[in-house]
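**Student:** Structure file protein.cif (mmCIF, C-alpha atoms) right here:
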```
data_run
loop_
_atom_site.group_PDB
_atom_site.id
_atom_site.type_symbol
_atom_site.label_atom_id
_atom_site.label_comp_id
_atom_site.auth_asym_id
_atom_site.auth_seq_id
_atom_site.Cartn_x
_atom_site.Cartn_y
_atom_site.Cartn_z
ATOM 1 C CA MET A 1 170.283 -25.106 -115.524
ATOM 2 C CA VAL A 2 168.366 -28.152 -114.287
ATOM 3 C CA LEU A 3 166.345 -29.868 -117.017
ATOM 4 C CA THR A 4 162.666 -29.872 -115.985
ATOM 5 C CA LYS A 5 159.791 -31.667 -117.682
ATOM 6 C CA GLU A 6 156.185 -32.358 -116.758
ATOM 7 C CA TYR A 7 154.937 -35.652 -118.139
ATOM 8 C CA ARG A 8 151.210 -36.297 -118.380
ATOM 9 C CA ILE A 9 150.220 -39.943 -118.803
ATOM 10 C CA CYS A 10 146.541 -40.820 -119.218
ATOM 11 C CA MET A 11 145.096 -44.240 -118.415
ATOM 12 C CA PRO A 12 141.645 -45.783 -119.021
ATOM 13 C CA LEU A 13 141.270 -46.275 -115.265
ATOM 14 C CA THR A 14 140.103 -44.434 -112.184
ATOM 15 C CA VAL A 15 142.637 -43.032 -109.727
ATOM 16 C CA GLU A 16 141.519 -45.686 -107.234
ATOM 17 C CA GLU A 17 142.050 -48.520 -109.736
ATOM 18 C CA TYR A 18 145.402 -47.130 -110.764
ATOM 19 C CA GLN A 19 146.725 -47.395 -107.209
ATOM 20 C CA VAL A 20 146.327 -51.185 -107.289
ATOM 21 C CA GLY A 21 147.439 -51.526 -110.911
ATOM 22 C CA GLN A 22 150.573 -49.471 -110.347
ATOM 23 C CA LEU A 23 151.673 -51.482 -107.302
ATOM 24 C CA TYR A 24 151.081 -54.735 -109.180
ATOM 25 C CA MET A 25 152.950 -53.519 -112.254
ATOM 26 C CA ILE A 26 155.971 -52.283 -110.289
ATOM 27 C CA ALA A 27 156.259 -55.492 -108.267
ATOM 28 C CA ARG A 28 155.940 -57.775 -111.282
ATOM 29 C CA HIS A 29 158.139 -55.693 -113.568
ATOM 30 C CA SER A 30 160.879 -55.401 -110.936
ATOM 31 C CA HIS A 31 160.840 -59.162 -110.491
ATOM 32 C CA GLU A 32 160.964 -59.842 -114.238
ATOM 33 C CA GLN A 33 163.822 -57.381 -114.826
ATOM 34 C CA THR A 34 165.978 -58.530 -111.914
ATOM 35 C CA ASP A 35 168.956 -60.773 -112.575
ATOM 36 C CA SER A 36 171.320 -62.361 -110.102
ATOM 37 C CA GLY A 37 173.243 -59.541 -108.474
ATOM 38 C CA GLU A 38 171.303 -56.789 -110.256
ATOM 39 C CA GLY A 39 167.840 -55.402 -109.699
ATOM 40 C CA VAL A 40 165.897 -53.864 -106.827
ATOM 41 C CA GLU A 41 166.844 -54.303 -103.171
ATOM 42 C CA VAL A 42 164.255 -53.008 -100.675
ATOM 43 C CA VAL A 43 166.162 -51.408 -97.788
ATOM 44 C CA GLU A 44 163.371 -49.770 -95.785
ATOM 45 C CA ASN A 45 159.583 -49.588 -95.882
ATOM 46 C CA VAL A 46 157.884 -47.735 -93.011
ATOM 47 C CA ALA A 47 154.945 -45.451 -92.321
ATOM 48 C CA CYS A 48 155.491 -41.693 -92.365
ATOM 49 C CA GLU A 49 153.445 -38.574 -91.769
ATOM 50 C CA ASP A 50 153.570 -35.035 -93.145
ATOM 51 C CA PRO A 51 151.779 -31.924 -91.780
ATOM 52 C CA GLU A 52 150.462 -31.043 -95.237
ATOM 53 C CA HIS A 53 149.940 -34.418 -96.903
ATOM 54 C CA GLY A 54 148.954 -36.559 -93.911
ATOM 55 C CA LYS A 55 149.894 -40.188 -93.376
ATOM 56 C CA GLY A 56 151.803 -42.104 -95.994
ATOM 57 C CA GLN A 57 154.490 -44.676 -96.648
ATOM 58 C CA TYR A 58 158.228 -44.139 -96.972
ATOM 59 C CA THR A 59 160.319 -46.610 -98.957
ATOM 60 C CA GLU A 60 164.028 -46.735 -99.681
ATOM 61 C CA LYS A 61 165.447 -49.007 -102.354
ATOM 62 C CA ARG A 62 168.801 -49.684 -103.946
ATOM 63 C CA ILE A 63 168.630 -50.233 -107.684
ATOM 64 C CA HIS A 64 171.626 -52.237 -108.866
ATOM 65 C CA LEU A 65 171.986 -51.756 -112.616
ATOM 66 C CA SER A 66 175.600 -51.269 -113.692
ATOM 67 C CA SER A 67 175.393 -53.450 -116.792
ATOM 68 C CA ARG A 68 172.132 -51.822 -117.895
ATOM 69 C CA LEU A 69 173.701 -48.434 -118.556
ATOM 70 C CA PRO A 70 174.937 -47.154 -121.928
ATOM 71 C CA TYR A 71 178.527 -48.142 -122.629
ATOM 72 C CA TRP A 72 179.741 -44.534 -122.571
ATOM 73 C CA ILE A 73 178.622 -44.295 -118.927
ATOM 74 C CA GLN A 74 179.900 -47.769 -117.999
ATOM 75 C CA SER A 75 183.359 -46.711 -119.153
ATOM 76 C CA PHE A 76 183.907 -44.354 -116.210
ATOM 77 C CA ILE A 77 181.956 -45.901 -113.324
ATOM 78 C CA PRO A 78 182.777 -48.812 -111.025
ATOM 79 C CA LYS A 79 181.274 -52.142 -111.994
ATOM 80 C CA LEU A 80 179.427 -52.338 -108.690
ATOM 81 C CA PHE A 81 177.319 -49.285 -107.910
ATOM 82 C CA TYR A 82 173.698 -48.538 -107.240
ATOM 83 C CA VAL A 83 171.063 -45.829 -107.437
ATOM 84 C CA THR A 84 169.228 -45.018 -104.192
ATOM 85 C CA GLU A 85 165.499 -44.379 -104.484
ATOM 86 C CA LYS A 86 163.662 -42.624 -101.657
ATOM 87 C CA ALA A 87 159.902 -42.290 -102.020
ATOM 88 C CA TRP A 88 157.196 -40.661 -99.919
ATOM 89 C CA ASN A 89 153.782 -42.002 -100.930
ATOM 90 C CA TYR A 90 150.803 -39.878 -99.837
ATOM 91 C CA TYR A 91 148.550 -41.238 -102.567
ATOM 92 C CA PRO A 92 147.283 -39.578 -104.744
ATOM 93 C CA PHE A 93 150.391 -37.420 -104.253
ATOM 94 C CA THR A 94 153.938 -38.791 -104.190
ATOM 95 C CA ILE A 95 157.512 -37.538 -103.972
ATOM 96 C CA THR A 96 160.455 -39.549 -105.267
ATOM 97 C CA GLU A 97 164.185 -38.808 -105.231
ATOM 98 C CA TYR A 98 167.136 -40.632 -106.798
ATOM 99 C CA THR A 99 170.828 -40.303 -106.025
ATOM 100 C CA CYS A 100 173.849 -42.298 -107.152
ATOM 101 C CA SER A 101 176.396 -44.075 -104.986
ATOM 102 C CA PHE A 102 179.205 -43.084 -107.364
ATOM 103 C CA ILE A 103 178.224 -39.634 -108.652
ATOM 104 C CA PRO A 104 177.379 -37.268 -105.754
ATOM 105 C CA LYS A 105 176.221 -34.465 -108.068
ATOM 106 C CA PHE A 106 173.614 -36.614 -109.801
ATOM 107 C CA SER A 107 169.978 -36.454 -108.716
ATOM 108 C CA ILE A 108 166.445 -36.904 -110.010
ATOM 109 C CA SER A 109 163.512 -35.328 -108.182
ATOM 110 C CA ILE A 110 159.897 -36.124 -109.026
ATOM 111 C CA LYS A 111 156.559 -34.833 -107.804
ATOM 112 C CA THR A 112 153.483 -36.780 -108.927
ATOM 113 C CA LYS A 113 149.776 -36.214 -108.556
ATOM 114 C CA TYR A 114 146.929 -38.327 -109.905
ATOM 115 C CA GLU A 115 143.568 -36.911 -111.006
ATOM 116 C CA ASN A 116 140.441 -38.276 -112.672
ATOM 117 C CA ASN A 117 140.735 -36.307 -115.931
ATOM 118 C CA ASN A 118 142.482 -36.505 -119.307
ATOM 119 C CA GLY A 119 145.415 -34.268 -118.486
ATOM 120 C CA SER A 120 143.489 -31.020 -118.719
ATOM 121 C CA THR A 121 144.580 -29.462 -115.405
ATOM 122 C CA GLU A 122 147.005 -26.660 -116.199
ATOM 123 C CA ASN A 123 148.793 -26.517 -112.847
ATOM 124 C CA CYS A 124 147.949 -29.761 -111.102
ATOM 125 C CA LEU A 125 151.125 -29.679 -108.985
ATOM 126 C CA ASN A 126 150.648 -26.077 -107.801
ATOM 127 C CA LEU A 127 153.945 -24.855 -109.224
ATOM 128 C CA ASP A 128 155.160 -21.325 -108.652
ATOM 129 C CA PRO A 129 155.370 -18.902 -111.620
ATOM 130 C CA VAL A 130 159.106 -19.503 -112.127
ATOM 131 C CA SER A 131 158.687 -23.288 -112.260
ATOM 132 C CA LEU A 132 155.696 -22.955 -114.578
ATOM 133 C CA ASN A 133 157.795 -20.905 -116.958
ATOM 134 C CA GLU A 134 160.711 -23.354 -116.917
ATOM 135 C CA ARG A 135 158.805 -26.630 -117.347
ATOM 136 C CA LEU A 136 158.350 -28.435 -120.646
ATOM 137 C CA ILE A 137 155.067 -30.373 -120.916
ATOM 138 C CA GLU A 138 155.016 -33.734 -122.694
ATOM 139 C CA PHE A 139 151.992 -35.990 -123.100
ATOM 140 C CA VAL A 140 152.845 -39.689 -123.071
ATOM 141 C CA ASP A 141 150.347 -41.720 -125.124
ATOM 142 C CA ILE A 142 150.393 -45.356 -123.970
ATOM 143 C CA ALA A 143 148.741 -46.477 -127.220
ATOM 144 C CA TYR A 144 150.359 -44.489 -130.027
ATOM 145 C CA ASP A 145 153.809 -43.441 -128.805
ATOM 146 C CA GLU A 146 156.479 -45.722 -130.236
ATOM 147 C CA VAL A 147 157.956 -48.333 -127.892
ATOM 148 C CA ASN A 148 161.550 -49.449 -128.185
ATOM 149 C CA PRO A 149 161.433 -52.596 -130.379
ATOM 150 C CA LYS A 150 163.355 -54.603 -127.772
ATOM 151 C CA HIS A 151 160.480 -54.017 -125.306
ATOM 152 C CA TYR A 152 157.596 -54.532 -127.722
ATOM 153 C CA LYS A 153 155.206 -57.406 -127.026
ATOM 154 C CA GLU A 154 152.131 -57.935 -129.143
ATOM 155 C CA GLU A 155 150.018 -58.898 -126.129
ATOM 156 C CA GLU A 156 150.891 -55.540 -124.526
ATOM 157 C CA ASP A 157 149.984 -53.448 -127.570
ATOM 158 C CA VAL A 158 146.974 -51.570 -126.193
ATOM 159 C CA ARG A 159 145.883 -50.526 -129.684
ATOM 160 C CA TYR A 160 144.605 -54.104 -130.038
ATOM 161 C CA PHE A 161 144.246 -55.297 -126.445
ATOM 162 C CA GLN A 162 140.796 -55.662 -124.876
ATOM 163 C CA SER A 163 140.254 -56.537 -121.236
ATOM 164 C CA LYS A 164 138.104 -59.614 -120.681
ATOM 165 C CA LYS A 165 137.148 -58.498 -117.167
ATOM 166 C CA THR A 166 136.287 -54.866 -117.883
ATOM 167 C CA GLY A 167 135.691 -54.738 -121.636
ATOM 168 C CA ARG A 168 138.016 -51.734 -121.871
ATOM 169 C CA GLY A 169 140.106 -51.336 -124.992
ATOM 170 C CA PRO A 170 141.330 -51.447 -127.617
ATOM 171 C CA LEU A 171 142.464 -47.812 -127.512
ATOM 172 C CA VAL A 172 141.758 -46.183 -130.873
ATOM 173 C CA GLU A 173 143.009 -42.841 -132.198
ATOM 174 C CA GLY A 174 141.713 -40.002 -130.045
ATOM 175 C CA TRP A 175 140.962 -42.330 -127.129
ATOM 176 C CA ARG A 176 141.921 -39.727 -124.513
ATOM 177 C CA GLU A 177 139.005 -37.559 -125.608
ATOM 178 C CA ALA A 178 136.430 -40.367 -125.724
ATOM 179 C CA VAL A 179 137.224 -43.089 -123.174
ATOM 180 C CA THR A 180 135.682 -43.349 -119.718
ATOM 181 C CA PRO A 181 136.851 -43.825 -117.075
ATOM 182 C CA ILE A 182 140.060 -41.873 -117.551
ATOM 183 C CA MET A 183 142.728 -40.581 -115.185
ATOM 184 C CA CYS A 184 146.013 -38.762 -115.569
ATOM 185 C CA SER A 185 149.367 -39.045 -113.842
ATOM 186 C CA TYR A 186 151.042 -35.629 -113.668
ATOM 187 C CA LYS A 187 154.800 -35.966 -113.099
ATOM 188 C CA MET A 188 157.169 -33.053 -112.643
ATOM 189 C CA VAL A 189 160.664 -34.448 -113.251
ATOM 190 C CA GLN A 190 163.877 -32.529 -112.577
ATOM 191 C CA VAL A 191 167.227 -34.039 -113.549
ATOM 192 C CA SER A 192 170.583 -32.712 -112.363
ATOM 193 C CA PHE A 193 173.911 -34.182 -113.487
ATOM 194 C CA GLU A 194 176.602 -31.650 -112.555
ATOM 195 C CA VAL A 195 179.604 -33.267 -114.212
ATOM 196 C CA TRP A 196 181.609 -30.969 -116.454
ATOM 197 C CA GLY A 197 181.470 -31.958 -120.100
ATOM 198 C CA LEU A 198 178.657 -34.468 -119.593
ATOM 199 C CA GLN A 199 175.819 -32.462 -118.026
ATOM 200 C CA THR A 200 173.718 -31.634 -121.084
ATOM 201 C CA LYS A 201 174.153 -35.025 -122.738
ATOM 202 C CA ALA A 202 173.493 -36.939 -119.531
ATOM 203 C CA GLU A 203 170.434 -34.931 -118.463
ATOM 204 C CA ASP A 204 168.879 -35.332 -121.908
ATOM 205 C CA LEU A 205 169.619 -39.072 -121.910
ATOM 206 C CA ILE A 206 168.113 -39.487 -118.446
ATOM 207 C CA GLN A 207 164.926 -37.625 -119.385
ATOM 208 C CA ARG A 208 164.550 -39.749 -122.522
ATOM 209 C CA SER A 209 165.082 -42.896 -120.447
ATOM 210 C CA ILE A 210 162.497 -41.745 -117.911
ATOM 211 C CA ARG A 211 159.972 -41.125 -120.675
ATOM 212 C CA GLU A 212 160.592 -44.615 -122.086
ATOM 213 C CA ILE A 213 160.144 -46.163 -118.631
ATOM 214 C CA LEU A 214 156.891 -44.273 -118.095
ATOM 215 C CA LEU A 215 155.550 -45.356 -121.471
ATOM 216 C CA LEU A 216 156.410 -49.028 -121.005
ATOM 217 C CA GLY A 217 155.263 -49.219 -117.383
ATOM 218 C CA HIS A 218 151.879 -47.632 -118.028
ATOM 219 C CA ARG A 219 151.260 -49.781 -121.102
ATOM 220 C CA GLN A 220 151.926 -52.854 -118.993
ATOM 221 C CA ALA A 221 149.734 -51.676 -116.120
ATOM 222 C CA PHE A 222 146.760 -51.558 -118.512
ATOM 223 C CA ALA A 223 147.698 -54.633 -120.561
ATOM 224 C CA TRP A 224 147.913 -56.654 -117.305
ATOM 225 C CA ILE A 225 144.570 -55.349 -115.995
ATOM 226 C CA ASP A 226 142.895 -58.756 -116.067
ATOM 227 C CA GLU A 227 145.548 -60.044 -113.671
ATOM 228 C CA TRP A 228 145.122 -57.323 -111.030
ATOM 229 C CA TYR A 229 141.564 -56.031 -111.556
ATOM 230 C CA GLY A 230 139.431 -56.924 -108.558
ATOM 231 C CA MET A 231 142.409 -57.152 -106.196
ATOM 232 C CA THR A 232 142.161 -55.146 -102.987
ATOM 233 C CA LEU A 233 145.071 -53.150 -101.617
ATOM 234 C CA GLU A 234 145.605 -55.959 -99.131
ATOM 235 C CA ASP A 235 145.727 -58.490 -101.977
ATOM 236 C CA VAL A 236 148.279 -56.511 -103.959
ATOM 237 C CA ARG A 237 150.393 -55.999 -100.824
ATOM 238 C CA ILE A 238 150.600 -59.765 -100.354
ATOM 239 C CA TYR A 239 151.652 -60.147 -103.989
ATOM 240 C CA GLU A 240 154.147 -57.300 -103.620
ATOM 241 C CA LYS A 241 155.692 -58.894 -100.530
ATOM 242 C CA GLN A 242 156.145 -62.168 -102.382
ATOM 243 C CA MET A 243 157.810 -60.425 -105.328
ATOM 244 C CA GLN A 244 159.982 -58.371 -102.940
ATOM 245 C CA HIS A 245 161.283 -61.525 -101.274
ATOM 246 C CA GLU A 246 162.094 -63.155 -104.607
ATOM 247 C CA THR A 247 163.851 -60.105 -106.055
ATOM 248 C CA ASN A 248 165.871 -59.599 -102.861
ATOM 249 C CA THR A 249 166.920 -63.235 -103.148
ATOM 250 C CA LYS A 250 168.302 -62.580 -106.613
ATOM 251 C CA VAL A 251 169.987 -59.272 -105.792
ATOM 252 C CA VAL A 252 171.284 -59.671 -102.248
ATOM 253 C CA GLY A 253 171.793 -63.382 -101.882
ATOM 254 C CA ASN A 254 172.739 -64.091 -105.496
ATOM 255 C CA GLY A 255 170.376 -67.003 -105.283
ATOM 256 C CA ASP A 256 171.429 -68.111 -101.785
ATOM 257 C CA PRO A 257 168.175 -68.429 -99.816
ATOM 258 C CA ASP A 258 170.003 -68.440 -96.448
ATOM 259 C CA VAL A 259 171.539 -65.008 -97.089
ATOM 260 C CA THR A 260 168.255 -63.505 -98.223
ATOM 261 C CA ALA A 261 166.270 -65.106 -95.418
ATOM 262 C CA LEU A 262 168.562 -63.425 -92.902
ATOM 263 C CA LYS A 263 168.161 -60.045 -94.640
ATOM 264 C CA ASP A 264 164.368 -60.414 -94.799
ATOM 265 C CA GLU A 265 164.258 -61.271 -91.095
ATOM 266 C CA ASN A 266 166.312 -58.175 -90.269
ATOM 267 C CA ALA A 267 164.040 -56.065 -92.462
ATOM 268 C CA VAL A 268 160.961 -57.245 -90.586
ATOM 269 C CA HIS A 269 162.507 -56.401 -87.212
ATOM 270 C CA SER A 270 163.529 -52.933 -88.470
ATOM 271 C CA GLY A 271 159.970 -52.102 -89.483
ATOM 272 C CA SER A 272 160.202 -52.875 -93.199
ATOM 273 C CA ASP A 273 157.306 -54.601 -94.875
ATOM 274 C CA THR A 274 155.332 -54.384 -98.039
ATOM 275 C CA ILE A 275 153.809 -51.070 -99.056
ATOM 276 C CA LYS A 276 150.680 -50.238 -97.107
ATOM 277 C CA PRO A 277 148.103 -47.524 -97.753
ATOM 278 C CA ALA A 278 148.271 -44.580 -95.390
ATOM 279 C CA SER A 279 144.897 -45.345 -93.809
ATOM 280 C CA THR A 280 146.109 -48.640 -92.346
ATOM 281 C CA SER A 281 149.455 -47.498 -90.956
ATOM 282 C CA SER A 282 150.716 -45.554 -87.991
ATOM 283 C CA THR A 283 154.055 -43.809 -87.815
ATOM 284 C CA PRO A 284 156.617 -45.780 -85.775
ATOM 285 C CA THR A 285 158.160 -43.742 -82.991
ATOM 286 C CA ALA A 286 161.587 -45.177 -83.739
ATOM 287 C CA HIS A 287 161.763 -43.802 -87.266
ATOM 288 C CA THR A 288 159.855 -40.985 -88.939
ATOM 289 C CA PRO A 289 161.209 -40.162 -92.401
ATOM 290 C CA THR A 290 160.964 -36.463 -93.161
ATOM 291 C CA THR A 291 159.360 -35.294 -96.368
ATOM 292 C CA PRO A 292 161.703 -33.089 -98.430
ATOM 293 C CA ASN A 293 160.809 -29.412 -98.080
ATOM 294 C CA THR A 294 161.493 -28.775 -101.756
ATOM 295 C CA PRO A 295 160.840 -32.111 -103.458
ATOM 296 C CA CYS A 296 161.228 -30.698 -106.954
ATOM 297 C CA THR A 297 164.669 -29.224 -106.295
ATOM 298 C CA PRO A 298 167.700 -31.548 -106.148
ATOM 299 C CA LYS A 299 169.442 -31.462 -102.751
ATOM 300 C CA SER A 300 173.021 -31.127 -103.617
ATOM 301 C CA LYS A 301 166.088 -47.981 -115.424
ATOM 302 C CA SER A 302 162.777 -49.569 -115.597
ATOM 303 C CA TRP A 303 162.726 -50.577 -111.929
ATOM 304 C CA PHE A 304 161.772 -47.118 -110.708
ATOM 305 C CA SER A 305 158.748 -46.944 -108.403
ATOM 306 C CA TRP A 306 157.209 -43.852 -109.923
ATOM 307 C CA SER A 307 156.161 -45.542 -113.151
#
```
So, in terms of structure tokens, how does the structure I just supplied come out?
**Tutor:**
Amino acid sequence: MVLTKEYRICMPLTVEEYQVGQLYMIARHSHEQTDSGEGVEVVENVACEDPEHGKGQYTEKRIHLSSRLPYWIQSFIPKLFYVTEKAWNYYPFTITEYTCSFIPKFSISIKTKYENNNGSTENCLNLDPVSLNERLIEFVDIAYDEVNPKHYKEEEDVRYFQSKKTGRGPLVEGWREAVTPIMCSYKMVQVSFEVWGLQTKAEDLIQRSIREILLLGHRQAFAWIDEWYGMTLEDVRIYEKQMQHETNTKVVGNGDPDVTALKDENAVHSGSDTIKPASTSSTPTAHTPTTPNTPCTPKSKSWFSWS
């Protein structure tokens, strides 16, 4: 049985503000967590369109992270492998899928929707009765859930942080019932790891890792608010493109600017660019990524774009 959880993460932001803050956080965090030869490689970034969800943006990334895995997993995988991330962004609704280059029966499928409330919508993602019965709901509190000590930074502790630009924070006990503005990210996450003898342990580990990533990423998005607040989508796209170039340099070229420059040039000619909002993009005739028909059902670390 596939392990299914619905995470609800509230933020002291509006849905519109969160779109900018999330893009900034992902770009900066990916850059900070990327080492030479490991990190996020952007393979494709093009406009897409769906009959139900309208225009959006499709991105494909390779997440190189062999040395970041627990030792018990490293013991049976090749040193060089990657996780493929495919994402369809129809903000405020997104679909994200992950597969592994080494383990064909591994997959993560995520549906996300953002609403301006404190997590009170019972069926935000319009799940069918069977899925509603199977899901486990977990609230992720960016202020009072415990962060792994190795990731803790005092300046990112939102129990004490106050934004100079907005005056928001610190977040005191019960903040989700009292703070305005407030929005919630609803994430239905399904993990499948069909490897005999490892399935239960691996699926539980992956869900716990996802929860930790969500907690850390959303804490940072708010703690960094003074750096991105006031940016337009165009501004954050420029920043994202800069970070994308630098992280690709580390991952693909291993620090060799000539190698990465060639890859970036090829990416531009193939239609890849920084993430754009749906309203400013048209679908290229040469490539139209298809939205998965059942995004929450599998088809067969902290760099993930759905944070």
**Student:** Can you pull out the residues contacting Thr232 (chain A)? Cut-off 10 Å, using all atoms listed in the file, and skip same-chain residues under 5 positions away; I want them as a list in words.
**Tutor:**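 The neighbour list is Glu17, Gln19, Val20, Arg237 and Ile238 of chain A.
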**Student:** Can you spit out the residues from that selection as a PDB file, keeping the file's coordinate frame, using C-alpha atoms?
**Tutor:**
```pdb
ATOM      1  CA  GLU A  17     142.050 -48.520-109.736  1.00  0.00           C
ATOM      2  CA  GLN A  19     146.725 -47.395-107.209  1.00  0.00           C
ATOM      3  CA  VAL A  20     146.327 -51.185-107.289  1.00  0.00           C
ATOM      4  CA  ARG A 237     150.393 -55.999-100.824  1.00  0.00           C
ATOM      5  CA  ILE A 238     150.600 -59.765-100.354  1.00  0.00           C
TER       6      ILE A 238
END
```
**Student:** How far is it from CA of His31 (chain A) to CA of Tyr239 (chain A), in Å with one decimal?
**Tutor:**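 Result for CA of His31 (chain A) versus CA of Tyr239 (chain A): 11.3 Å, one decimal.
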**Student:** For Phe93 (chain A), which residue among A:Glu173, A:Glu115, A:Asp141, A:Glu227 is the nearest when counting only C-alpha atoms?
**Tutor:**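 Closest to Phe93 (chain A) of all the choices is A:Glu115.
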**Student:** From the options A:Asn45, A:Phe81, A:Val172, A:Trp196, which residue's atoms come nearest to Ser101 (chain A), counting all atoms listed in the file?
**Tutor:**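 Between A:Asn45, A:Phe81, A:Val172, A:Trp196, the residue approaching Ser101 (chain A) most closely is A:Phe81.
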**Student:** Evaluate the PyMOL selection byres ((chain A and resi 21) around 12) on the structure here and hand back the selected residues as an MDAnalysis selection string.
**Tutor:** chainID A and resid 11:20 22:29 217:233 235:237 239:240 307
**Student:** Keeping only C-alpha atoms, write the selected residues as a CSV table (one decimal), keeping the file's coordinate frame.
**Tutor:**
```
chain,number,residue,atom,x,y,z
A,11,MET,CA,145.1,-44.2,-118.4
A,12,PRO,CA,141.6,-45.8,-119.0
A,13,LEU,CA,141.3,-46.3,-115.3
A,14,THR,CA,140.1,-44.4,-112.2
A,15,VAL,CA,142.6,-43.0,-109.7
A,16,GLU,CA,141.5,-45.7,-107.2
A,17,GLU,CA,142.0,-48.5,-109.7
A,18,TYR,CA,145.4,-47.1,-110.8
A,19,GLN,CA,146.7,-47.4,-107.2
A,20,VAL,CA,146.3,-51.2,-107.3
A,22,GLN,CA,150.6,-49.5,-110.3
A,23,LEU,CA,151.7,-51.5,-107.3
A,24,TYR,CA,151.1,-54.7,-109.2
A,25,MET,CA,153.0,-53.5,-112.3
A,26,ILE,CA,156.0,-52.3,-110.3
A,27,ALA,CA,156.3,-55.5,-108.3
A,28,ARG,CA,155.9,-57.8,-111.3
A,29,HIS,CA,158.1,-55.7,-113.6
A,217,GLY,CA,155.3,-49.2,-117.4
A,218,HIS,CA,151.9,-47.6,-118.0
A,219,ARG,CA,151.3,-49.8,-121.1
A,220,GLN,CA,151.9,-52.9,-119.0
A,221,ALA,CA,149.7,-51.7,-116.1
A,222,PHE,CA,146.8,-51.6,-118.5
A,223,ALA,CA,147.7,-54.6,-120.6
A,224,TRP,CA,147.9,-56.7,-117.3
A,225,ILE,CA,144.6,-55.3,-116.0
A,226,ASP,CA,142.9,-58.8,-116.1
A,227,GLU,CA,145.5,-60.0,-113.7
A,228,TRP,CA,145.1,-57.3,-111.0
A,229,TYR,CA,141.6,-56.0,-111.6
A,230,GLY,CA,139.4,-56.9,-108.6
A,231,MET,CA,142.4,-57.2,-106.2
A,232,THR,CA,142.2,-55.1,-103.0
A,233,LEU,CA,145.1,-53.2,-101.6
A,235,ASP,CA,145.7,-58.5,-102.0
A,236,VAL,CA,148.3,-56.5,-104.0
A,237,ARG,CA,150.4,-56.0,-100.8
A,239,TYR,CA,151.7,-60.1,-104.0
A,240,GLU,CA,154.1,-57.3,-103.6
A,307,SER,CA,156.2,-45.5,-113.2
```
**Student:** What does the distance from CA of Ser185 (chain A) to CA of His53 (chain A) come to in Å, to one decimal?
**Tutor:**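 CA of His53 (chain A) lies at a distance of 17.6 Å from CA of Ser185 (chain A).
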**Student:** Going by the chain IDs and residue numbers used in this file, which residues fall under the PyMOL selection byres ((chain A and resi 124) around 10)? Write them as a ChimeraX atom specification.
**Tutor:** /A:112-115,119-123,125-127,185-188
**Student:** Would you compute the distance between CA of Val83 (chain A) and CA of Phe102 (chain A)? Give it in Å to one decimal.
**Tutor:** 8.6 Å
**Student:** So, with only C-alpha atoms as the atoms that count, which of A:Glu194, A:Cys10, A:Ile95, A:Leu132 lies closest to Pro181 (chain A)?
**Tutor:**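 Among the listed residues, the smallest separation from Pro181 (chain A) belongs to A:Cys10.
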**Student:** Output the residue selection produced by the PyMOL selection byres ((chain A and resi 215) around 10) on the file above, formatted as a list in words.
**Tutor:**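 Expected selection for the PyMOL selection byres ((chain A and resi 215) around 10) here is Ile9, Val140, Asp141, Ile142, Ala143, Asp145, Glu146, Val147, Asn148, Ser209, Ile210, Arg211, Glu212, Ile213, Leu214, Leu216, Gly217, His218, Arg219, Gln220 and Ser307 of chain A.
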